[in-house]
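A short write-up of the structure that comes next.
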Amino acid sequence: MDLKDEMQRVRFWVNQIGNFCLRLVWHFVHLLVRSWYLGVGVANVIESYLISSGLLRRYRFIDVGKLRYLAIVVESDDACQISKVIQLLQWLQAFGVKHLCLYDTEGVLKKSKESILAKLKNATLFEEADERDPILDQKHMTLEFASITDGKEAVAKGGNLLFMKYLKLANSGAEQKEQIFTEANLTEALRAVGYGGPEPDLLLVYGPARCHLGFPAWRIRYTEIIHMGPLKSMRYGSLVKAIYKFTMVRQNYGT
């Protein structure tokens with residue numbers, strides 16, 4: 001065997017040992033990450049149980065009055081679990097939450113709103129409550145149902161209203177300054193076309209995605225957003241903890 005063959009053989013074994021070491025390190029890191037997530041999951045389950053049992057004092061008395069409007073965003077596949085959604089709403093109603101928006105992208109919850117309302121005591125649609133003005137009635141929970149089509153339709157109608165307004169001004173012949181669309185203009189237009197709903201103080205996301213899943217962006221400018229995990233794994237203690245954390249946050253809105 002010549003020197004060249006010997007060098008090739010050495011390189012082969014060096015590569016094999018290097019690949020083995022890299023795989024070993026990768027599996028070790030993967031094991032550490034999985035162990036960490038498992039530990040966090042177990043800790044969350046235990047904490048949730050302790051909160052539900054009332055053993056943690058700081059979660060016993062929560063000023064839910066700070067939560068004036070709550071939004072629940074549910075991934076559309078999870079939204080098909082209507083019984084779970086109803087259970088979540090019953091928890092919130094028992095907890096003292098009065099005004100709530102339910103959102104999923106495909107409008108599954110909106111299609112099931114009659115069956116959802118039938119399972120809740122003293123619950124009414126937000127738009128109906130707004131007409132009769134019982135928003136301050138502490139015995140009622142008001143529910144708003146929304147989907148991604150509401151956002152698209154709202155932007156289209158609001159944009160068309162602004163366009164027609166400035167087109168009319170341009171055709172009037174009056175001297176105009178350069179027109180600039182501001183946030184205030186858009187907010188006013190959305191309210192004019194009936195899409196100026198309340199801005200949620202807190203938005204809870206149920207599903208695998210850590211985002212608001214298309215919830216109208218103009219309504220969550222100052223909203224706290226918390227990811228709650230899959231709906232099937234929801235826990236009362238986790239819900240109480242999320243609301244508690246919100247009530248302890250000091251919000252600075254600027255000037």
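Chain labels A, B, ... are given in the sequence in which chains occur in the structure tokens; within each chain residues are numbered consecutively from 1, and ligands are likewise numbered from 1 in the order shown.
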
So which residues touch region 44-50 of chain A within 10 Å, counting only C-alpha atoms, skipping near sequence neighbours fewer than 2 positions away, as an MDAnalysis selection string?
-> chainID A and resid 38:42 52:57 59 235:241

Set the distance at 10 Å and use only C-alpha atoms: which residues neighbour region 221-227 of chain A once local chain neighbours fewer than 5 positions away are removed? I'd like the list as a short mmCIF file (atom, residue, chain, number, x, y, z; two decimals) with N, CA, C and O atoms, in the first residue's frame.
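Done, and the output landed in result_16.cif:
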```cif
data_model
loop_
_atom_site.label_atom_id
_atom_site.label_comp_id
_atom_site.auth_asym_id
_atom_site.auth_seq_id
_atom_site.Cartn_x
_atom_site.Cartn_y
_atom_site.Cartn_z
N LEU A 70 -61.88 41.70 26.25
CA LEU A 70 -60.97 40.58 26.02
C LEU A 70 -61.24 39.99 24.64
O LEU A 70 -62.40 39.85 24.23
N ALA A 71 -60.19 39.63 23.93
CA ALA A 71 -60.32 38.95 22.63
C ALA A 71 -59.71 37.56 22.73
O ALA A 71 -58.63 37.38 23.31
N ILE A 72 -60.41 36.59 22.17
CA ILE A 72 -59.93 35.22 22.10
C ILE A 72 -59.75 34.85 20.63
O ILE A 72 -60.71 34.87 19.86
N VAL A 73 -58.54 34.54 20.23
CA VAL A 73 -58.25 34.11 18.86
C VAL A 73 -58.00 32.61 18.88
O VAL A 73 -57.14 32.12 19.62
N GLU A 199 -61.17 48.24 21.17
CA GLU A 199 -59.83 47.68 21.12
C GLU A 199 -59.63 46.79 22.35
O GLU A 199 -59.74 47.26 23.47
N PRO A 200 -59.34 45.52 22.16
CA PRO A 200 -59.16 44.61 23.30
C PRO A 200 -57.97 45.03 24.17
O PRO A 200 -56.94 45.48 23.65
N ASP A 201 -58.14 44.91 25.46
CA ASP A 201 -57.01 45.13 26.37
C ASP A 201 -56.05 43.95 26.32
O ASP A 201 -54.83 44.12 26.44
N LEU A 202 -56.61 42.76 26.16
CA LEU A 202 -55.82 41.53 26.17
C LEU A 202 -56.32 40.60 25.08
O LEU A 202 -57.54 40.48 24.86
N LEU A 203 -55.40 39.96 24.37
CA LEU A 203 -55.74 39.00 23.32
C LEU A 203 -55.06 37.68 23.63
O LEU A 203 -53.83 37.62 23.75
N LEU A 204 -55.85 36.62 23.79
CA LEU A 204 -55.33 35.29 24.07
C LEU A 204 -55.43 34.44 22.82
O LEU A 204 -56.50 34.35 22.20
N VAL A 205 -54.31 33.84 22.41
CA VAL A 205 -54.25 33.05 21.18
C VAL A 205 -54.20 31.57 21.52
O VAL A 205 -53.28 31.12 22.21
N TYR A 206 -55.18 30.81 21.03
CA TYR A 206 -55.22 29.36 21.21
C TYR A 206 -54.95 28.69 19.87
O TYR A 206 -55.71 28.84 18.92
N GLY A 207 -53.85 27.94 19.80
CA GLY A 207 -53.45 27.28 18.57
C GLY A 207 -51.94 27.17 18.50
O GLY A 207 -51.23 27.70 19.35
N PRO A 208 -51.43 26.51 17.46
CA PRO A 208 -49.98 26.33 17.36
C PRO A 208 -49.22 27.60 16.98
O PRO A 208 -48.05 27.74 17.33
N ALA A 209 -49.87 28.50 16.26
CA ALA A 209 -49.18 29.69 15.76
C ALA A 209 -49.09 30.77 16.83
O ALA A 209 -50.06 31.03 17.56
N ARG A 210 -47.94 31.42 16.91
CA ARG A 210 -47.73 32.50 17.87
C ARG A 210 -47.94 33.84 17.17
O ARG A 210 -47.03 34.65 17.04
N CYS A 211 -49.16 34.07 16.69
CA CYS A 211 -49.51 35.32 16.03
C CYS A 211 -51.01 35.54 16.19
O CYS A 211 -51.72 34.68 16.70
N HIS A 212 -51.50 36.71 15.75
CA HIS A 212 -52.92 37.03 15.95
C HIS A 212 -53.81 36.49 14.83
O HIS A 212 -55.02 36.72 14.84
N PRO A 216 -58.13 41.93 13.17
CA PRO A 216 -57.98 43.31 12.66
C PRO A 216 -56.88 44.10 13.36
O PRO A 216 -56.97 44.36 14.57
N ALA A 242 -52.78 34.12 33.02
CA ALA A 242 -52.66 35.09 31.92
C ALA A 242 -53.38 36.39 32.28
O ALA A 242 -52.86 37.49 32.03
N ILE A 243 -54.58 36.28 32.85
CA ILE A 243 -55.33 37.48 33.22
C ILE A 243 -54.64 38.20 34.37
O ILE A 243 -54.56 39.44 34.40
N LYS A 245 -51.39 38.24 35.01
CA LYS A 245 -50.21 38.92 34.47
C LYS A 245 -50.61 40.22 33.79
O LYS A 245 -49.91 41.23 33.89
N PHE A 246 -51.75 40.20 33.09
CA PHE A 246 -52.21 41.42 32.42
C PHE A 246 -52.54 42.50 33.44
O PHE A 246 -52.18 43.68 33.26
N VAL A 249 -49.58 44.45 34.66
CA VAL A 249 -48.78 45.21 33.70
C VAL A 249 -49.20 46.68 33.71
O VAL A 249 -50.39 47.00 33.73
N GLN A 251 -49.39 49.83 31.51
CA GLN A 251 -49.36 50.18 30.09
C GLN A 251 -49.09 51.66 29.92
O GLN A 251 -49.78 52.50 30.50
N ASN A 252 -48.11 51.97 29.10
CA ASN A 252 -47.79 53.36 28.75
C ASN A 252 -48.20 53.61 27.31
O ASN A 252 -47.67 53.01 26.38
N TYR A 253 -49.19 54.50 27.13
CA TYR A 253 -49.74 54.73 25.79
C TYR A 253 -49.06 55.88 25.06
O TYR A 253 -49.32 56.14 23.90
#
```

For Phe95 (chain A), work out the shell of residues within 9 Å, counting only C-alpha atoms and skipping chain neighbours fewer than 3 positions away, then give it as a list in words.
->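 Listed by chain and then number, they are Val64, Gln90, Trp91, Leu92 and Val240 of chain A.
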
Grab the residues selected above and save them as a compact mmCIF listing (two decimals), in the first residue's frame with N, CA and C atoms.
```txt
# COMPACT_ATOMS: atom_id res chain seq x y z
N VAL A 64 -60.38 42.00 37.98
CA VAL A 64 -60.77 41.73 36.60
C VAL A 64 -61.40 42.96 35.94
N GLN A 90 -67.42 29.70 29.60
CA GLN A 90 -68.02 29.52 30.93
C GLN A 90 -67.02 29.84 32.02
N TRP A 91 -65.76 29.47 31.83
CA TRP A 91 -64.71 29.84 32.78
C TRP A 91 -64.60 31.36 32.88
N LEU A 92 -64.56 32.01 31.73
CA LEU A 92 -64.40 33.46 31.70
C LEU A 92 -65.61 34.16 32.32
N VAL A 240 -56.24 31.87 34.34
CA VAL A 240 -56.18 32.79 35.48
C VAL A 240 -54.82 33.48 35.53
```

Contacts of Glu144 (chain A) at 9 Å or less, counting only C-alpha atoms, minus same-chain residues fewer than 2 places along, as a count of residues only?
-> 13
